[in-house]
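structure_29.cif follows (mmCIF, C-alpha atoms):
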data_my_file
loop_
_atom_site.group_PDB
_atom_site.id
_atom_site.type_symbol
_atom_site.label_atom_id
_atom_site.label_comp_id
_atom_site.auth_asym_id
_atom_site.auth_seq_id
_atom_site.Cartn_x
_atom_site.Cartn_y
_atom_site.Cartn_z
ATOM 1 C CA ARG A 173 0.000 0.000 0.000
ATOM 2 C CA VAL A 174 1.267 3.438 -0.971
ATOM 3 C CA TYR A 175 0.074 6.618 0.741
ATOM 4 C CA VAL A 176 0.150 9.920 -1.193
ATOM 5 C CA HIS A 177 -0.074 12.821 1.241
ATOM 6 C CA ARG A 178 -1.853 16.069 0.560
ATOM 7 C CA LEU A 179 -0.545 18.632 -1.889
ATOM 8 C CA SER A 180 -0.804 22.380 -1.866
ATOM 9 C CA GLY A 181 -0.059 24.998 -4.445
ATOM 10 C CA LYS A 182 -1.125 25.279 -8.040
ATOM 11 C CA PHE A 183 0.017 21.818 -9.121
ATOM 12 C CA GLY A 184 -2.259 18.890 -8.437
ATOM 13 C CA TYR A 185 -1.624 15.164 -8.365
ATOM 14 C CA ASP A 186 -1.765 14.856 -12.162
ATOM 15 C CA ALA A 187 1.107 17.318 -12.545
ATOM 16 C CA TYR A 188 3.324 14.916 -10.604
ATOM 17 C CA VAL A 189 1.825 11.518 -11.437
ATOM 18 C CA GLY A 190 0.126 12.138 -14.769
ATOM 19 C CA GLY A 191 -0.436 10.101 -17.873
ATOM 20 C CA ASP A 192 0.486 6.449 -17.511
ATOM 21 C CA ALA A 193 2.344 6.978 -14.210
ATOM 22 C CA HIS A 194 -0.761 6.647 -12.043
ATOM 23 C CA ALA A 195 -1.850 3.447 -13.815
ATOM 24 C CA LEU A 196 1.663 2.072 -13.405
ATOM 25 C CA LEU A 197 1.623 2.860 -9.674
ATOM 26 C CA GLU A 198 -1.779 1.205 -9.278
ATOM 27 C CA SER A 199 -0.563 -1.851 -11.193
ATOM 28 C CA PHE A 200 1.582 -2.905 -8.233
ATOM 29 C CA ALA A 201 0.183 -0.982 -5.264
ATOM 30 C CA ASP A 202 -3.037 -0.176 -3.507
ATOM 31 C CA VAL A 203 -2.904 3.640 -3.526
ATOM 32 C CA VAL A 204 -4.365 5.691 -0.678
ATOM 33 C CA ASN A 205 -4.464 9.133 -2.230
ATOM 34 C CA ASP A 206 -4.929 12.212 -0.017
ATOM 35 C CA ALA A 207 -3.359 14.549 -2.597
ATOM 36 C CA ALA A 208 -6.538 16.624 -2.909
ATOM 37 C CA SER A 209 -7.121 16.923 0.842
ATOM 38 C CA PRO A 210 -7.534 20.682 1.425
ATOM 39 C CA ALA A 211 -6.380 20.974 5.036
ATOM 40 C CA PRO A 212 -3.815 19.449 7.385
ATOM 41 C CA ILE A 213 -4.750 16.036 8.714
ATOM 42 C CA ALA A 214 -4.855 15.674 12.503
ATOM 43 C CA PRO A 215 -2.345 13.243 14.083
ATOM 44 C CA ALA A 216 -5.024 10.738 15.193
ATOM 45 C CA GLU A 217 -6.559 10.653 11.718
ATOM 46 C CA MET A 218 -3.133 10.407 10.077
ATOM 47 C CA ALA A 219 -2.263 7.491 12.356
ATOM 48 C CA LYS A 220 -5.361 5.650 11.041
ATOM 49 C CA ARG A 221 -4.419 6.387 7.430
ATOM 50 C CA LEU A 222 -0.858 5.106 7.866
ATOM 51 C CA ARG A 223 -1.855 1.711 9.302
ATOM 52 C CA GLY A 224 -0.812 -0.956 6.818
ATOM 53 C CA ILE A 225 1.026 1.517 4.577
ATOM 54 C CA ASP A 226 4.289 0.235 3.041
ATOM 55 C CA ALA A 227 5.462 3.455 1.392
ATOM 56 C CA ILE A 228 4.696 7.156 1.306
ATOM 57 C CA LEU A 229 4.936 9.203 -1.875
ATOM 58 C CA SER A 230 5.815 12.793 -1.014
ATOM 59 C CA LEU A 231 5.207 14.838 -4.143
ATOM 60 C CA ASN A 232 5.631 18.461 -3.114
ATOM 61 C CA GLY A 233 6.264 18.238 0.589
ATOM 62 C CA SER A 234 3.336 20.291 1.852
ATOM 63 C CA GLY A 235 1.553 17.376 3.488
ATOM 64 C CA ALA A 236 4.731 15.887 4.940
ATOM 65 C CA LYS A 237 4.189 17.956 8.085
ATOM 66 C CA ASP A 238 1.076 15.861 8.769
ATOM 67 C CA ILE A 239 3.290 12.814 9.252
ATOM 68 C CA CYS A 240 4.203 13.395 12.895
ATOM 69 C CA PRO A 241 5.810 11.006 15.409
ATOM 70 C CA GLU A 242 2.395 10.021 16.810
ATOM 71 C CA ALA A 243 1.162 9.026 13.355
ATOM 72 C CA LEU A 244 4.440 7.303 12.529
ATOM 73 C CA ASP A 245 3.995 5.048 15.584
ATOM 74 C CA GLU A 246 1.029 3.460 13.781
ATOM 75 C CA ALA A 247 2.931 3.045 10.500
ATOM 76 C CA ARG A 248 4.536 -0.232 11.566
ATOM 77 C CA ASP A 249 4.658 -1.559 7.981
ATOM 78 C CA LEU A 250 6.252 1.595 6.562
ATOM 79 C CA LYS A 251 9.461 0.727 4.707
ATOM 80 C CA ALA A 252 10.152 3.706 2.457
ATOM 81 C CA VAL A 253 9.321 7.323 1.767
ATOM 82 C CA VAL A 254 9.994 8.613 -1.728
ATOM 83 C CA VAL A 255 10.409 12.387 -1.905
ATOM 84 C CA SER A 256 10.088 14.157 -5.239
ATOM 85 C CA HIS A 257 10.399 17.651 -3.836
ATOM 86 C CA TRP A 258 11.837 19.356 -0.750
ATOM 87 C CA TRP A 259 9.707 19.424 2.369
ATOM 88 C CA HIS A 260 9.606 23.230 2.742
ATOM 89 C CA GLY A 261 11.801 23.711 5.798
ATOM 90 C CA THR A 262 10.978 20.407 7.485
ATOM 91 C CA HIS A 263 13.190 18.195 5.327
ATOM 92 C CA ASN A 264 16.040 17.446 7.731
ATOM 93 C CA ALA A 265 13.870 16.914 10.809
ATOM 94 C CA MET A 266 11.466 14.726 8.855
ATOM 95 C CA ARG A 267 14.285 12.695 7.320
ATOM 96 C CA ASP A 268 15.899 12.179 10.749
ATOM 97 C CA MET A 269 12.569 11.105 12.282
ATOM 98 C CA LEU A 270 11.882 8.602 9.478
ATOM 99 C CA GLU A 271 15.386 7.145 9.443
ATOM 100 C CA ALA A 272 15.336 6.803 13.256
ATOM 101 C CA ALA A 273 12.163 4.723 12.797
ATOM 102 C CA GLY A 274 14.018 2.460 10.339
ATOM 103 C CA VAL A 275 12.325 3.890 7.245
ATOM 104 C CA GLN A 276 14.377 4.284 4.063
ATOM 105 C CA VAL A 277 14.164 7.806 2.613
ATOM 106 C CA ILE A 278 14.639 8.002 -1.140
ATOM 107 C CA ASP A 279 15.171 11.643 -2.095
ATOM 108 C CA GLU A 280 14.559 12.367 -5.775
ATOM 109 C CA SER A 281 14.315 16.125 -5.319
ATOM 110 C CA ASP A 282 17.134 16.759 -7.759
ATOM 111 C CA GLY A 283 15.448 14.937 -10.638
ATOM 112 C CA CYS A 284 15.135 17.887 -13.020
ATOM 113 C CA ASN A 285 17.654 20.386 -11.626
ATOM 114 C CA GLU A 286 20.207 19.799 -14.416
ATOM 115 C CA ALA A 287 17.530 20.242 -17.092
ATOM 116 C CA VAL A 288 16.264 23.480 -15.510
ATOM 117 C CA ALA A 289 19.814 24.843 -15.192
ATOM 118 C CA GLU A 290 20.586 23.948 -18.829
ATOM 119 C CA TRP A 291 17.357 25.612 -19.935
ATOM 120 C CA THR A 292 18.332 28.740 -17.966
ATOM 121 C CA VAL A 293 21.739 28.946 -19.656
ATOM 122 C CA GLY A 294 20.126 28.280 -23.050
ATOM 123 C CA ALA A 295 17.522 30.984 -22.451
ATOM 124 C CA ALA A 296 20.275 33.447 -21.505
ATOM 125 C CA ILE A 297 22.130 32.729 -24.747
ATOM 126 C CA ALA A 298 18.930 32.863 -26.826
ATOM 127 C CA GLY A 299 17.995 36.185 -25.216
ATOM 128 C CA LEU A 300 21.432 37.730 -25.691
ATOM 129 C CA ARG A 301 21.556 36.604 -29.314
ATOM 130 C CA HIS A 302 17.954 37.685 -29.999
ATOM 131 C CA PHE A 303 17.111 34.344 -31.621
ATOM 132 C CA ALA A 304 13.343 34.867 -31.473
ATOM 133 C CA ASP A 305 13.541 38.403 -32.894
ATOM 134 C CA TYR A 306 15.859 37.361 -35.730
ATOM 135 C CA ASP A 307 13.697 34.347 -36.554
ATOM 136 C CA ARG A 308 10.580 36.523 -36.691
ATOM 137 C CA GLN A 309 12.301 39.154 -38.849
ATOM 138 C CA MET A 310 13.670 36.594 -41.301
ATOM 139 C CA LYS A 311 10.222 35.015 -41.684
ATOM 140 C CA LEU A 312 8.841 38.482 -42.465
ATOM 141 C CA GLY A 313 11.487 38.938 -45.160
ATOM 142 C CA VAL A 314 13.503 41.551 -43.258
ATOM 143 C CA GLU A 315 17.209 41.618 -44.097
ATOM 144 C CA TRP A 316 19.394 39.811 -41.519
ATOM 145 C CA PRO A 317 20.158 42.278 -38.718
ATOM 146 C CA SER A 318 23.716 43.043 -37.701
ATOM 147 C CA TRP A 319 25.236 40.718 -35.114
ATOM 148 C CA ARG A 320 26.562 43.829 -33.390
ATOM 149 C CA ALA A 321 23.108 44.225 -31.868
ATOM 150 C CA ALA A 322 23.468 40.893 -30.121
ATOM 151 C CA GLY A 323 25.049 40.465 -26.721
ATOM 152 C CA GLN A 324 27.644 37.913 -25.747
ATOM 153 C CA LEU A 325 27.665 35.643 -22.716
ATOM 154 C CA HIS A 326 31.412 34.980 -22.771
ATOM 155 C CA GLY A 327 33.207 37.414 -20.471
ATOM 156 C CA SER A 328 30.017 39.090 -19.268
ATOM 157 C CA THR A 329 28.684 39.567 -15.756
ATOM 158 C CA VAL A 330 25.741 37.355 -14.821
ATOM 159 C CA GLY A 331 23.419 38.088 -11.922
ATOM 160 C CA LEU A 332 21.691 35.183 -10.185
ATOM 161 C CA VAL A 333 18.850 35.535 -7.711
ATOM 162 C CA SER A 334 19.020 32.495 -5.415
ATOM 163 C CA LEU A 335 21.797 29.993 -5.064
ATOM 164 C CA GLY A 336 19.625 26.998 -4.356
ATOM 165 C CA ARG A 337 20.163 23.691 -6.067
ATOM 166 C CA VAL A 338 19.429 25.062 -9.550
ATOM 167 C CA GLY A 339 21.183 28.388 -8.991
ATOM 168 C CA ARG A 340 24.410 26.659 -7.976
ATOM 169 C CA LEU A 341 24.274 24.521 -11.121
ATOM 170 C CA VAL A 342 23.687 27.598 -13.296
ATOM 171 C CA ALA A 343 26.663 29.335 -11.663
ATOM 172 C CA ARG A 344 28.853 26.302 -12.350
ATOM 173 C CA MET A 345 27.701 26.105 -15.991
ATOM 174 C CA MET A 346 28.263 29.821 -16.502
ATOM 175 C CA ARG A 347 31.921 29.422 -15.538
ATOM 176 C CA ALA A 348 32.466 27.693 -18.893
ATOM 177 C CA PHE A 349 31.750 31.067 -20.506
ATOM 178 C CA ASP A 350 34.330 32.868 -18.347
ATOM 179 C CA THR A 351 31.573 34.937 -16.741
ATOM 180 C CA ARG A 352 31.698 36.970 -13.586
ATOM 181 C CA ILE A 353 28.921 35.763 -11.278
ATOM 182 C CA LEU A 354 27.054 38.084 -8.916
ATOM 183 C CA ALA A 355 24.517 36.352 -6.735
ATOM 184 C CA PHE A 356 21.889 37.190 -4.144
ATOM 185 C CA ASP A 357 20.446 34.477 -1.932
#

Any chance you could give the structure as structure tokens?
Amino acid sequence: RVYVHRLSGKFGYDAYVGGDAHALLESFADVVNDAASPAPIAPAEMAKRLRGIDAILSLNGSGAKDICPEALDEARDLKAVVVSHWWHGTHNAMRDMLEAAGVQVIDESDGCNEAVAEWTVGAAIAGLRHFADYDRQMKLGVEWPSWRAAGQLHGSTVGLVSLGRVGRLVARMMRAFDTRILAFD
């Protein structure tokens, strides 16, 4: 049995487990899905929900706070928690509590960080080189604009707001362009 705790924010269950993923999950597990639960779940109620649960799927971390020590006492069959996103400030305490109870924590929070960082660097290059503008102008029959109008990433100064997991990757990738990095976190 797999328990999916509640989500909050603009992304629902289908944004995380969409398409064939839900059918695949149900092909090998009985899924108890509280993703759409609008409010925190009280410890006594959570304890009931975790009885007989083998794994917890933590999709965006918001409902992880509902899994308190009292509820975990009833989760005697719990073997693993799979995290697909940070637990908004409770990550370390939650991980410690679960591991102390003998539960394996599988953290997949970094799953798309490289792709997002690469997209960020690509978007910076595309913006500096005015790819979209030049494409539009060429399709309209306008003569190719001078490359002097385009910026250059190499040797420039790049400002980053946030040096979280993605921001640190972007900073590392930008070094290949001999950039000067200014960051605010």

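Run against this file, the PyMOL selection byres ((chain A and resi 188-197) around 12) gives back Arg173, Val174, Tyr175, Val176, Leu179, Lys182, Phe183, Gly184, Tyr185, Asp186, Ala187, Glu198, Ser199, Phe200, Ala201, Asp202, Val203, Val204, Asn205, Ala207, Ala227, Leu229, Ser230, Leu231, Asn232, Val255, Ser256 and His257 of chain A.
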
Residues just named, written with C-alpha atoms as a short mmCIF file (atom, residue, chain, number, x, y, z; two decimals), in the coordinates of the input:
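Written output follows (part.cif):
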data_model
loop_
_atom_site.label_atom_id
_atom_site.label_comp_id
_atom_site.auth_asym_id
_atom_site.auth_seq_id
_atom_site.Cartn_x
_atom_site.Cartn_y
_atom_site.Cartn_z
CA ARG A 173 0.00 0.00 0.00
CA VAL A 174 1.27 3.44 -0.97
CA TYR A 175 0.07 6.62 0.74
CA VAL A 176 0.15 9.92 -1.19
CA LEU A 179 -0.55 18.63 -1.89
CA LYS A 182 -1.12 25.28 -8.04
CA PHE A 183 0.02 21.82 -9.12
CA GLY A 184 -2.26 18.89 -8.44
CA TYR A 185 -1.62 15.16 -8.36
CA ASP A 186 -1.76 14.86 -12.16
CA ALA A 187 1.11 17.32 -12.54
CA GLU A 198 -1.78 1.20 -9.28
CA SER A 199 -0.56 -1.85 -11.19
CA PHE A 200 1.58 -2.90 -8.23
CA ALA A 201 0.18 -0.98 -5.26
CA ASP A 202 -3.04 -0.18 -3.51
CA VAL A 203 -2.90 3.64 -3.53
CA VAL A 204 -4.36 5.69 -0.68
CA ASN A 205 -4.46 9.13 -2.23
CA ALA A 207 -3.36 14.55 -2.60
CA ALA A 227 5.46 3.46 1.39
CA LEU A 229 4.94 9.20 -1.88
CA SER A 230 5.82 12.79 -1.01
CA LEU A 231 5.21 14.84 -4.14
CA ASN A 232 5.63 18.46 -3.11
CA VAL A 255 10.41 12.39 -1.90
CA SER A 256 10.09 14.16 -5.24
CA HIS A 257 10.40 17.65 -3.84
#

Starting from the PyMOL selection byres ((chain A and resi 353) around 9), expand the selection into actual residues of this file and give them as a JSON list (two decimals) with C-alpha atoms, keeping the file's coordinate frame.
[["chain", "number", "residue", "atom", "x", "y", "z"],
["A", 328, "SER", "CA", 30.02, 39.09, -19.27],
["A", 329, "THR", "CA", 28.68, 39.57, -15.76],
["A", 330, "VAL", "CA", 25.74, 37.35, -14.82],
["A", 331, "GLY", "CA", 23.42, 38.09, -11.92],
["A", 332, "LEU", "CA", 21.69, 35.18, -10.18],
["A", 343, "ALA", "CA", 26.66, 29.34, -11.66],
["A", 346, "MET", "CA", 28.26, 29.82, -16.50],
["A", 347, "ARG", "CA", 31.92, 29.42, -15.54],
["A", 351, "THR", "CA", 31.57, 34.94, -16.74],
["A", 352, "ARG", "CA", 31.70, 36.97, -13.59],
["A", 354, "LEU", "CA", 27.05, 38.08, -8.92],
["A", 355, "ALA", "CA", 24.52, 36.35, -6.74]]

Name the residues that the PyMOL selection byres ((chain A and resi 238) around 12) pulls out of this structure, and write them as a CSV table (one decimal) with C-alpha atoms, in the coordinates of the input.
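Written out: selection-v9.csv:
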chain,number,residue,atom,x,y,z
A,176,VAL,CA,0.2,9.9,-1.2
A,177,HIS,CA,-0.1,12.8,1.2
A,178,ARG,CA,-1.9,16.1,0.6
A,179,LEU,CA,-0.5,18.6,-1.9
A,206,ASP,CA,-4.9,12.2,0.0
A,209,SER,CA,-7.1,16.9,0.8
A,211,ALA,CA,-6.4,21.0,5.0
A,212,PRO,CA,-3.8,19.4,7.4
A,213,ILE,CA,-4.8,16.0,8.7
A,214,ALA,CA,-4.9,15.7,12.5
A,215,PRO,CA,-2.3,13.2,14.1
A,216,ALA,CA,-5.0,10.7,15.2
A,217,GLU,CA,-6.6,10.7,11.7
A,218,MET,CA,-3.1,10.4,10.1
A,219,ALA,CA,-2.3,7.5,12.4
A,221,ARG,CA,-4.4,6.4,7.4
A,222,LEU,CA,-0.9,5.1,7.9
A,230,SER,CA,5.8,12.8,-1.0
A,233,GLY,CA,6.3,18.2,0.6
A,234,SER,CA,3.3,20.3,1.9
A,235,GLY,CA,1.6,17.4,3.5
A,236,ALA,CA,4.7,15.9,4.9
A,237,LYS,CA,4.2,18.0,8.1
A,239,ILE,CA,3.3,12.8,9.3
A,240,CYS,CA,4.2,13.4,12.9
A,241,PRO,CA,5.8,11.0,15.4
A,242,GLU,CA,2.4,10.0,16.8
A,243,ALA,CA,1.2,9.0,13.4
A,244,LEU,CA,4.4,7.3,12.5
A,259,TRP,CA,9.7,19.4,2.4
A,262,THR,CA,11.0,20.4,7.5
A,266,MET,CA,11.5,14.7,8.9

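The residue that comes closest to Leu325 of chain A, out of A:Val277, A:Val254, A:Leu300, A:Met345 and on the basis of only C-alpha atoms, is A:Leu300.
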
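Of the listed residues A:Ile228, A:Lys220, A:Gly339, A:Pro210, the one whose atoms come nearest to Glu290 of chain A is A:Gly339, with distances taken using all atoms listed in the file.
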
Have segment 220-233 of chain A completed to N, CA, C and O atoms, please, and pass it along as an mmCIF file, keeping the file's coordinate frame.
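To be explicit, this is the file written out as rebuild-v6.cif:
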data_model
loop_
_atom_site.group_PDB
_atom_site.id
_atom_site.type_symbol
_atom_site.label_atom_id
_atom_site.label_comp_id
_atom_site.auth_asym_id
_atom_site.auth_seq_id
_atom_site.Cartn_x
_atom_site.Cartn_y
_atom_site.Cartn_z
ATOM 1 N N LYS A 220 -4.449 6.633 11.650
ATOM 2 C CA LYS A 220 -5.361 5.650 11.041
ATOM 3 C C LYS A 220 -4.995 5.410 9.573
ATOM 4 O O LYS A 220 -5.004 4.281 9.102
ATOM 5 N N ARG A 221 -4.706 6.495 8.866
ATOM 6 C CA ARG A 221 -4.419 6.387 7.430
ATOM 7 C C ARG A 221 -3.109 5.652 7.156
ATOM 8 O O ARG A 221 -2.946 5.043 6.112
ATOM 9 N N LEU A 222 -2.163 5.725 8.096
ATOM 10 C CA LEU A 222 -0.858 5.106 7.866
ATOM 11 C C LEU A 222 -0.795 3.639 8.287
ATOM 12 O O LEU A 222 0.203 2.974 8.007
ATOM 13 N N ARG A 223 -1.844 3.132 8.933
ATOM 14 C CA ARG A 223 -1.855 1.711 9.302
ATOM 15 C C ARG A 223 -1.845 0.862 8.038
ATOM 16 O O ARG A 223 -2.662 1.041 7.150
ATOM 17 N N GLY A 224 -0.907 -0.065 7.966
ATOM 18 C CA GLY A 224 -0.812 -0.956 6.818
ATOM 19 C C GLY A 224 -0.153 -0.351 5.593
ATOM 20 O O GLY A 224 -0.103 -0.979 4.546
ATOM 21 N N ILE A 225 0.367 0.850 5.707
ATOM 22 C CA ILE A 225 1.026 1.517 4.577
ATOM 23 C C ILE A 225 2.477 1.046 4.491
ATOM 24 O O ILE A 225 3.192 1.024 5.484
ATOM 25 N N ASP A 226 2.914 0.688 3.277
ATOM 26 C CA ASP A 226 4.289 0.235 3.041
ATOM 27 C C ASP A 226 5.211 1.369 2.616
ATOM 28 O O ASP A 226 6.410 1.327 2.874
ATOM 29 N N ALA A 227 4.639 2.354 1.905
ATOM 30 C CA ALA A 227 5.462 3.455 1.392
ATOM 31 C C ALA A 227 4.643 4.732 1.336
ATOM 32 O O ALA A 227 3.413 4.691 1.209
ATOM 33 N N ILE A 228 5.335 5.849 1.441
ATOM 34 C CA ILE A 228 4.696 7.156 1.306
ATOM 35 C C ILE A 228 5.324 7.837 0.101
ATOM 36 O O ILE A 228 6.550 7.828 -0.074
ATOM 37 N N LEU A 229 4.481 8.432 -0.731
ATOM 38 C CA LEU A 229 4.936 9.203 -1.875
ATOM 39 C C LEU A 229 4.746 10.668 -1.531
ATOM 40 O O LEU A 229 3.620 11.148 -1.390
ATOM 41 N N SER A 230 5.846 11.375 -1.362
ATOM 42 C CA SER A 230 5.815 12.793 -1.014
ATOM 43 C C SER A 230 6.098 13.586 -2.277
ATOM 44 O O SER A 230 7.231 13.651 -2.749
ATOM 45 N N LEU A 231 5.069 14.197 -2.844
ATOM 46 C CA LEU A 231 5.207 14.838 -4.143
ATOM 47 C C LEU A 231 5.694 16.279 -4.072
ATOM 48 O O LEU A 231 6.576 16.666 -4.802
ATOM 49 N N ASN A 232 5.114 17.099 -3.214
ATOM 50 C CA ASN A 232 5.631 18.461 -3.114
ATOM 51 C C ASN A 232 5.933 18.879 -1.686
ATOM 52 O O ASN A 232 6.270 20.008 -1.428
ATOM 53 N N GLY A 233 5.829 17.975 -0.768
ATOM 54 C CA GLY A 233 6.264 18.238 0.589
ATOM 55 C C GLY A 233 5.279 18.909 1.508
ATOM 56 O O GLY A 233 5.443 18.883 2.719
#
